[in-house]
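The structure appears below as structure tokens.
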Number of protein chains: 2
Amino acid sequence: MLRTTNCGALRLSEVGQKVTLSGWVQKTRNKGFMLWVDLRDRYGITQIIFDEERSPRRVFKEAQQLGREYVIQIEGEVIERESKNPNMKTGGIEILANRLTLLNPSSTPPFTIEDDTDGGEELRMQYRYLDLRRTPVQDSLIFRHRVALAVRNYLSGEGFIEIETPYLIKSTPEGARDFVVPSRMHKGEFYALPQSPQTFKQLLMVGGMDKYFQIVKCFRDEDLRSDRQPEFTQIDCELAFVEQEDILNQFEGLTQHLIQSLLGEDVGVFPRMTYDEAIRRYGNDKPDIRFGMEFTELNSMAQGKGFGVFDSQELVVGIAVPEAAEYTRKQIDALIDWVKRPQIGALGLVWVKCNADGSFKSSVDKFFSTEDLKAWASETSAQAGDLILVMAGEAQSTRRQLSALRMELAERLGLRDPKVFAPLWITDFPLLEWDEESQRFHAMHHPFTAPKPEEADLLATDPKKVKANAYDLVLNGNEIGGGSIRIHNAELQQKMFDLLGFSPEEAQAQFGFLMDAFQYGAPPHGGIAFGLDRLVAILAGKETIRDYIAFPKNNSGRDLMIDAPTAIDPLQLDELGLNIQPNSSE
Amino acid sequence: MLRTTNCGALRLSEVGQKVTLSGWVQKTRNKGFMLWVDLRDRYGITQIIFDEERSPRRVFKEAQQLGREYVIQIEGEVIERESKNPNMKTGGIEILANRLTLLNPSSTPPFTIEDDTDGGEELRMQYRYLDLRRTPVQDSLIFRHRVALAVRNYLSGEGFIEIETPYLIKSTPEGARDFVVPSRMHKGEFYALPQSPQTFKQLLMVGGMDKYFQIVKCFRDEDLRSDRQPEFTQIDCELAFVEQEDILNQFEGLTQHLIQSLLGEDVGVFPRMTYDEAIRRYGNDKPDIRFGMEFTELNSMAQGKGFGVFDSQELVVGIAVPEAAEYTRKQIDALIDWVKRPQIGALGLVWVKCNADGSFKSSVDKFFSTEDLKAWASETSAQAGDLILVMAGEAQSTRRQLSALRMELAERLGLRDPKVFAPLWITDFPLLEWDEESQRFHAMHHPFTAPKPEEADLLATDPKKVKANAYDLVLNGNEIGGGSIRIHNAELQQKMFDLLGFSPEEAQAQFGFLMDAFQYGAPPHGGIAFGLDRLVAILAGKETIRDYIAFPKNNSGRDLMIDAPTAIDPLQLDELGLNIQPNSSE
């Protein structure tokens, strides 16, 4: 070992000990007759002192040459510091160096290795190995490790078995786009990388494994939105002989355990809300319930009063923004501009100030009396001092717009406290959603989700109405997990594929193995999957996942550090029996 | 929950309780007025009794219809069995059924779901979900889970952080063949699936993560030998600021812990042997040391006595086979045939019987005196009653042949006891090996392995002689892990790429990111990787890995259950900018 202890361990109690430390030069401070080095490793920083009088002459001389990020080994004695630093764990001591070994010099790094670095995101991704030296990034990865280990130990304690499912599987057109892997042994054929181990975990239930989990990489070849990665990690779980209630309880237990054991918070029993209720109350199936501003539907009080903007609309809906009645005209105009941006796409915003003195001032005073506005205030539970904001239009898009505004206001008002955890189960998702573009049903969750048994008959008559025992776990406005009770009956699965527009041949070619398996005694089963990247980020109080991934890819799916993807050798292509289409190379 | 308890839990102490069980019908026994069902789940088997008098009429009638592998739920009372079965955990009780729900019927499975099934391997792979219902397969996967969890908790306790490295990386021509993944966003370019996270774990060390591990899937597109899989799982580890000794101690500790905690065996301190010594004593760099039959080189005593078969050869080498002097002529001829098979390729075998009465009988009595043979016996430590077998030829191939014979004999003599664990470190591997075919050096371990510092100068003058701080952990004749101290210096890494025949441009294109990283203060580091599939199998006393993989592929890399790989949609190919070469489709 090139050290006897690490850079975070030494305290006053070790004064007098001879130690060997290795690490990186964080910085040096040279006073001519004395030179201090902050030596850094994963565990902390220890101050080293090189002294013209007390350190060997050669050591003192060599120390003058040290630059930032040099890797060195020093031997010396732990001594008490004259001026202690109470902000450092090791701030009571320093090491008086009597040997110095340069293990590796360093060029000047392209950005500073500090908690707040001067490096831009692209540069830091290109030199990710340097970015990783920064304490916040290391802490993020260590926290991720702790979360994953806590998940594993908890689920194992509950009788779950972690089982590895294959990565080289079969491409299926349903869902997102697959990454495919050409087979050399079977030229012209392809494996696919799993979007999730969905069918395999169901087969494990058919195979009697009873309780399965896996922390596993999944792959989706999508055009990347800002905070998506082509490869991501799931906590994937499945149980046999269960009903929805069992799954909610089991994974509520897991989530409570994580928050309790990692963050010391007791979040209590998780509230539950149906999908329909969430849409009505928050315009959104993953509401952030750390704060109020619930939706109030105002059709009955706001329509028929001569205000044309409201009258013809499917939905008039408002929220009461706490303590915002004093917003200036300029501030309100800015909000109106904000909702009119193409990303939101609203036509406008009606506002009502519920002044502290009990009076009202609104953008629609011409059409509505004080009594009307008072009724709105009462309905939206607006207090004196609040600002009511109202939107109108087609129900679905209006809800989406107002939901975006609600989140934006919460952000501005500081209501999204990352230290507060507000979990919420959303249940009773619709089984299917109608896709206008393709003029067919899509599975809201996936094609293996079972309809609620009592609604299965509706499949034949009014599929749109059928609800599923499907559920999401929402934490602070983010979906961190989702799952369902699955179909375990071959005919019902076949019927579902029909509804989704699969021909019997297509269904057989893609999922024949699953329907075959259902012929041999498949147990009732269900499960859930959590997005580990996001779960970790949210537990750490953050919302971007990239810092919680050791080697993330950028928005075009490129690894800037290793420079992948790349062209490959023509011989390799020949072995795979593939040609690159002319003009397709970029 | 569709059960109040599982099929392995109930004992006499529960007699009188009302319970609900769910599971699979293992078998039924019908006596007309009474019918027994063995109900099975992952946890065990519980006997259910349906009784004409005591069960409801309809329940009794429905029970008559139950077939093998039907999934049922029963409610009933725990009663004491009249004739107890001491071989079953639940053998003291049975359940008197008063409700029966058929959860799912089953077609007759294509093979029996018993510990010893009648299904052939291909059939069981095709219906892997049924094979998984067999207790030995379930036990194998549960054992694998326990090993993996024990590894994680042990390493975490030692300060290692599990960090996920990417699966979509860059193709490199060194090593085995990569599986590649075409990029849609960057047409004509490809990712590769990792053969191991080697460069990433080294970059994590450059990034200061200090102690890394990961249980991770790796991929190799090789022509599959019988017990290889295109995707396999590694316990991958790397440490900074260490020397070889630290790594051996750390992972000796891990292995001791696994054997102790999972199997209750204390295997003590692991012996160590250099590569050269292992080759000399066992003809093999992964010797099984559960038994003797060590090699004895007999050149000095066996050459120059007029026996031409020996005289001209590079090596004459023998082993003493314990208590085999009584082998018949037929048995010995069979051994000679065995070594002459093309898989072994030996020209023959000289034998010497050390008879119990002290006399000798050999196939070379014409050339060697009793005194000569006595000297051989003394040199090979053969006892009266042993059989000496001697081979001669070119050293490398002769050692390989005799090593194969030694293992075969140990197998026949029952010396390879799966309950005995004999770990062994092999150290001081050569850095390079000369490849006659390509007329260049290959890295024996991989191109990132450092030469022993004291031998680095030899690289320029006699590269073949250079040894590395590279090591394998061998368990019962299987390499279960291997690793090395790495190069952490950009120039030395460049020199190594030169030696391996990379042009500077190739080295830069493939591994520029690593050599760049080494410019910014790379710490000394090293690591090891274990093959989890094999480790688990050997700890369980088995040598084939397939049973320890939930969904294995066959020898042509095909998943027989889901039928992958397959052709993909031409649209998908277009999106990827690829064409399949004419005539390449099979």
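Here's how to read the names in the structure tokens: chain A, B, ... by the order shown, residue numbers from 1 in each chain, ligand numbers from 1 in the order shown.
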Among stretch 273-521 of chain B, which residues does DSSP mark as helix (DSSP H, G or I) when it is run on the backbone? Keep the chain and numbering as in the structure and answer as a ChimeraX atom specification. /B:275-282,299-302,308-311,329-340,370-380,395-412,453-455,458-461,463-465,490-499,504-517
In stretch 178-232 of chain B, DSSP strand (DSSP E or B) residues written as a PyMOL selection string: chain B and resi 180-182+190-192+211-219+231-232
Limited to all heavy atoms, could you put the picked residues into a file as a short mmCIF file (atom, residue, chain, number, x, y, z; two decimals), in the first residue's frame?
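Final output, saved to out-v1.cif:
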data_model
loop_
_atom_site.label_atom_id
_atom_site.label_comp_id
_atom_site.auth_asym_id
_atom_site.auth_seq_id
_atom_site.Cartn_x
_atom_site.Cartn_y
_atom_site.Cartn_z
N VAL B 180 -21.13 -5.18 -31.75
CA VAL B 180 -21.28 -3.75 -32.03
C VAL B 180 -22.75 -3.38 -32.12
O VAL B 180 -23.62 -4.22 -32.35
CB VAL B 180 -20.54 -3.33 -33.32
CG1 VAL B 180 -19.04 -3.54 -33.17
CG2 VAL B 180 -21.10 -4.06 -34.53
N VAL B 181 -23.02 -2.10 -31.93
CA VAL B 181 -24.38 -1.57 -31.89
C VAL B 181 -24.43 -0.37 -32.82
O VAL B 181 -23.83 0.67 -32.53
CB VAL B 181 -24.76 -1.13 -30.46
CG1 VAL B 181 -26.18 -0.59 -30.42
CG2 VAL B 181 -24.58 -2.27 -29.47
N PRO B 182 -25.12 -0.48 -33.96
CA PRO B 182 -25.16 0.65 -34.89
C PRO B 182 -25.89 1.84 -34.27
O PRO B 182 -26.87 1.68 -33.56
CB PRO B 182 -25.93 0.10 -36.10
CG PRO B 182 -26.56 -1.18 -35.66
CD PRO B 182 -25.82 -1.67 -34.47
N PHE B 190 -20.75 3.17 -34.90
CA PHE B 190 -21.14 2.05 -34.06
C PHE B 190 -20.64 2.25 -32.64
O PHE B 190 -19.54 2.76 -32.43
CB PHE B 190 -20.53 0.74 -34.59
CG PHE B 190 -21.10 0.30 -35.92
CD1 PHE B 190 -20.71 0.92 -37.10
CD2 PHE B 190 -22.04 -0.72 -35.98
CE1 PHE B 190 -21.25 0.53 -38.33
CE2 PHE B 190 -22.58 -1.11 -37.19
CZ PHE B 190 -22.18 -0.48 -38.37
N TYR B 191 -21.46 1.82 -31.70
CA TYR B 191 -20.96 1.58 -30.36
C TYR B 191 -20.46 0.13 -30.31
O TYR B 191 -20.74 -0.66 -31.20
CB TYR B 191 -22.07 1.70 -29.31
CG TYR B 191 -22.79 3.02 -29.26
CD1 TYR B 191 -24.02 3.19 -29.89
CD2 TYR B 191 -22.28 4.09 -28.53
CE1 TYR B 191 -24.72 4.39 -29.83
CE2 TYR B 191 -22.97 5.30 -28.45
CZ TYR B 191 -24.19 5.44 -29.10
OH TYR B 191 -24.87 6.62 -29.02
N ALA B 192 -19.75 -0.22 -29.24
CA ALA B 192 -19.47 -1.62 -28.97
C ALA B 192 -19.93 -1.93 -27.57
O ALA B 192 -19.98 -1.05 -26.71
CB ALA B 192 -17.98 -1.88 -29.10
N LYS B 211 -11.44 3.09 -4.69
CA LYS B 211 -11.76 1.66 -4.63
C LYS B 211 -13.08 1.46 -5.35
O LYS B 211 -14.12 1.91 -4.87
CB LYS B 211 -11.90 1.19 -3.18
CG LYS B 211 -10.60 1.13 -2.40
CD LYS B 211 -10.92 0.73 -0.95
CE LYS B 211 -9.68 0.21 -0.25
NZ LYS B 211 -10.02 -0.34 1.08
N TYR B 212 -13.02 0.77 -6.44
CA TYR B 212 -14.20 0.57 -7.28
C TYR B 212 -14.51 -0.91 -7.38
O TYR B 212 -13.61 -1.74 -7.44
CB TYR B 212 -13.92 1.11 -8.68
CG TYR B 212 -14.56 0.33 -9.83
CD1 TYR B 212 -15.83 0.66 -10.31
CD2 TYR B 212 -13.90 -0.75 -10.41
CE1 TYR B 212 -16.41 -0.05 -11.36
CE2 TYR B 212 -14.48 -1.48 -11.46
CZ TYR B 212 -15.73 -1.12 -11.93
OH TYR B 212 -16.30 -1.83 -12.96
N PHE B 213 -15.78 -1.25 -7.43
CA PHE B 213 -16.16 -2.58 -7.91
C PHE B 213 -17.47 -2.47 -8.66
O PHE B 213 -18.19 -1.48 -8.57
CB PHE B 213 -16.25 -3.60 -6.78
CG PHE B 213 -17.58 -3.59 -6.04
CD1 PHE B 213 -18.54 -4.56 -6.29
CD2 PHE B 213 -17.87 -2.62 -5.11
CE1 PHE B 213 -19.76 -4.57 -5.61
CE2 PHE B 213 -19.07 -2.63 -4.42
CZ PHE B 213 -20.02 -3.60 -4.68
N GLN B 214 -17.76 -3.52 -9.39
CA GLN B 214 -19.02 -3.58 -10.10
C GLN B 214 -19.28 -5.05 -10.46
O GLN B 214 -18.37 -5.75 -10.88
CB GLN B 214 -18.94 -2.74 -11.38
CG GLN B 214 -20.25 -2.62 -12.11
CD GLN B 214 -20.17 -1.82 -13.42
OE1 GLN B 214 -21.17 -1.47 -13.97
NE2 GLN B 214 -18.98 -1.56 -13.90
N ILE B 215 -20.49 -5.48 -10.26
CA ILE B 215 -20.90 -6.78 -10.80
C ILE B 215 -21.60 -6.45 -12.11
O ILE B 215 -22.64 -5.79 -12.11
CB ILE B 215 -21.79 -7.56 -9.82
CG1 ILE B 215 -21.00 -7.83 -8.53
CG2 ILE B 215 -22.27 -8.87 -10.45
CD1 ILE B 215 -21.70 -8.71 -7.51
N VAL B 216 -21.03 -6.89 -13.22
CA VAL B 216 -21.38 -6.28 -14.50
C VAL B 216 -21.36 -7.31 -15.62
O VAL B 216 -20.53 -8.23 -15.63
CB VAL B 216 -20.39 -5.11 -14.78
CG1 VAL B 216 -18.96 -5.61 -14.88
CG2 VAL B 216 -20.78 -4.33 -16.01
N LYS B 217 -22.30 -7.15 -16.55
CA LYS B 217 -22.31 -8.02 -17.73
C LYS B 217 -21.21 -7.59 -18.70
O LYS B 217 -21.00 -6.40 -18.91
CB LYS B 217 -23.66 -7.90 -18.45
CG LYS B 217 -24.74 -8.82 -17.93
CD LYS B 217 -24.61 -10.23 -18.48
CE LYS B 217 -25.65 -11.17 -17.89
NZ LYS B 217 -26.97 -11.03 -18.49
N CYS B 218 -20.56 -8.58 -19.31
CA CYS B 218 -19.55 -8.33 -20.33
C CYS B 218 -19.91 -9.18 -21.55
O CYS B 218 -20.67 -10.14 -21.44
CB CYS B 218 -18.17 -8.68 -19.81
SG CYS B 218 -17.71 -7.76 -18.33
N PHE B 219 -19.34 -8.82 -22.68
CA PHE B 219 -19.78 -9.41 -23.94
C PHE B 219 -18.58 -9.78 -24.81
O PHE B 219 -17.67 -8.97 -24.96
CB PHE B 219 -20.66 -8.41 -24.70
CG PHE B 219 -21.84 -7.93 -23.89
CD1 PHE B 219 -21.71 -6.87 -23.00
CD2 PHE B 219 -23.06 -8.58 -23.99
CE1 PHE B 219 -22.79 -6.44 -22.24
CE2 PHE B 219 -24.15 -8.16 -23.24
CZ PHE B 219 -24.01 -7.09 -22.36
N GLU B 231 -22.65 -13.50 -23.39
CA GLU B 231 -22.70 -12.51 -22.33
C GLU B 231 -22.45 -13.22 -21.01
O GLU B 231 -22.97 -14.31 -20.77
CB GLU B 231 -24.03 -11.74 -22.30
CG GLU B 231 -25.29 -12.57 -22.39
CD GLU B 231 -26.55 -11.71 -22.32
OE1 GLU B 231 -26.70 -10.92 -21.40
OE2 GLU B 231 -27.40 -11.85 -23.22
N PHE B 232 -21.61 -12.63 -20.20
CA PHE B 232 -21.22 -13.26 -18.94
C PHE B 232 -21.03 -12.16 -17.90
O PHE B 232 -20.99 -10.98 -18.24
CB PHE B 232 -19.95 -14.08 -19.13
CG PHE B 232 -18.80 -13.29 -19.69
CD1 PHE B 232 -17.84 -12.74 -18.87
CD2 PHE B 232 -18.71 -13.06 -21.06
CE1 PHE B 232 -16.79 -11.97 -19.39
CE2 PHE B 232 -17.68 -12.30 -21.58
CZ PHE B 232 -16.72 -11.76 -20.75
#
Just how far from atom CA of A:Gly577 is atom CA of B:Thr172, in Å to one decimal?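 Between atom CA of B:Thr172 and atom CA of A:Gly577 the gap is 18.9 Å.
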Take atom CA of B:Ala9 and atom CA of B:Arg128 and report the distance between them in Å, one decimal.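 Going from atom CA of B:Ala9 over to atom CA of B:Arg128 covers 26.7 Å.
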So that I can check the surroundings of A:Gln47, please list as a PyMOL selection string every protein, DNA and RNA residue that reaches within 8 Å of it, counting only C-alpha atoms and ignoring chain neighbours fewer than 4 positions away. chain A and resi 36-39+90-91+93-95
Dump N, CA and C atoms for the selected residues as an mmCIF file, in the first residue's frame?
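What ended up in selection-v9.cif:
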data_model
loop_
_atom_site.group_PDB
_atom_site.id
_atom_site.type_symbol
_atom_site.label_atom_id
_atom_site.label_comp_id
_atom_site.auth_asym_id
_atom_site.auth_seq_id
_atom_site.Cartn_x
_atom_site.Cartn_y
_atom_site.Cartn_z
ATOM 1 N N TRP A 36 3.076 24.904 2.114
ATOM 2 C CA TRP A 36 1.991 23.992 2.476
ATOM 3 C C TRP A 36 1.375 23.375 1.225
ATOM 4 N N VAL A 37 1.045 22.121 1.345
ATOM 5 C CA VAL A 37 0.340 21.436 0.257
ATOM 6 C C VAL A 37 -0.963 20.880 0.828
ATOM 7 N N ASP A 38 -2.077 21.168 0.159
ATOM 8 C CA ASP A 38 -3.319 20.471 0.497
ATOM 9 C C ASP A 38 -3.340 19.187 -0.313
ATOM 10 N N LEU A 39 -3.261 18.048 0.376
ATOM 11 C CA LEU A 39 -3.220 16.760 -0.302
ATOM 12 C C LEU A 39 -4.616 16.136 -0.252
ATOM 13 N N THR A 90 -9.844 17.320 9.113
ATOM 14 C CA THR A 90 -8.454 17.129 9.533
ATOM 15 C C THR A 90 -7.814 18.461 9.932
ATOM 16 N N GLY A 91 -8.655 19.455 10.215
ATOM 17 C CA GLY A 91 -8.154 20.817 10.378
ATOM 18 C C GLY A 91 -7.349 21.055 11.638
ATOM 19 N N ILE A 93 -4.736 19.193 12.496
ATOM 20 C CA ILE A 93 -3.369 18.683 12.369
ATOM 21 C C ILE A 93 -2.772 19.035 11.006
ATOM 22 N N GLU A 94 -1.496 18.823 10.889
ATOM 23 C CA GLU A 94 -0.855 18.823 9.574
ATOM 24 C C GLU A 94 0.273 17.792 9.629
ATOM 25 N N ILE A 95 0.844 17.508 8.465
ATOM 26 C CA ILE A 95 1.918 16.514 8.417
ATOM 27 C C ILE A 95 3.213 17.246 8.097
#
Fewer than 4 positions away in the same chain doesn't count, so skip those; otherwise give me all residues within 7 Å of B:Arg133, counting only C-alpha atoms, as JSON, numbers by chain. {"A": [207, 208], "B": [113, 129, 138]}
Just to confirm, what's the straight-line distance from atom CA of A:Gly501 to atom CA of A:Ser397 in Å (one decimal)? 27.0 Å
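The smallest atom-to-atom distance between A:Asp569 and any of B:Leu35, B:Asp547, B:Ser171, B:Leu373, using only C-alpha atoms, is found for B:Ser171.
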Considering only C-alpha atoms, return as a list in words whatever protein or nucleic-acid residues lie within 9 Å of A:Pro136, sequence-local ones (same chain, fewer than 2 positions apart) excluded.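 With the cut-off at 9 Å, the set is Glu114, Asp115, Asp116, Leu132, Arg133, Arg134, Gln138, Asp139, Ser140, Leu141 and Asp547 of chain A.
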Those residues you just picked out, can you put them in a file as a CSV table (one decimal), in the first residue's frame with N, CA and C atoms?
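The resulting selection25.csv:
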chain,number,residue,atom,x,y,z
A,114,GLU,N,-12.5,21.9,-8.2
A,114,GLU,CA,-13.1,22.5,-7.0
A,114,GLU,C,-14.5,22.2,-7.0
A,115,ASP,N,-15.1,22.3,-5.8
A,115,ASP,CA,-16.6,22.1,-5.7
A,115,ASP,C,-17.3,22.9,-6.7
A,116,ASP,N,-17.0,24.2,-6.8
A,116,ASP,CA,-17.6,25.0,-7.9
A,116,ASP,C,-16.5,25.2,-8.9
A,132,LEU,N,-14.6,13.8,-12.2
A,132,LEU,CA,-14.9,12.9,-11.1
A,132,LEU,C,-14.1,13.1,-9.9
A,133,ARG,N,-13.0,13.9,-10.0
A,133,ARG,CA,-12.2,14.2,-8.8
A,133,ARG,C,-12.8,15.2,-7.9
A,134,ARG,N,-13.9,15.9,-8.4
A,134,ARG,CA,-14.5,17.0,-7.6
A,134,ARG,C,-15.4,16.3,-6.6
A,138,GLN,N,-18.0,13.0,-6.7
A,138,GLN,CA,-17.7,11.8,-5.9
A,138,GLN,C,-18.8,11.4,-4.9
A,139,ASP,N,-19.3,12.5,-4.2
A,139,ASP,CA,-20.3,12.3,-3.3
A,139,ASP,C,-21.6,11.7,-4.0
A,140,SER,N,-21.9,12.2,-5.2
A,140,SER,CA,-23.1,11.8,-5.9
A,140,SER,C,-23.0,10.3,-6.2
A,141,LEU,N,-21.8,9.8,-6.6
A,141,LEU,CA,-21.7,8.4,-7.0
A,141,LEU,C,-21.6,7.6,-5.8
A,547,ASP,N,-25.4,14.0,-13.2
A,547,ASP,CA,-24.4,14.0,-12.2
A,547,ASP,C,-24.3,12.7,-11.4
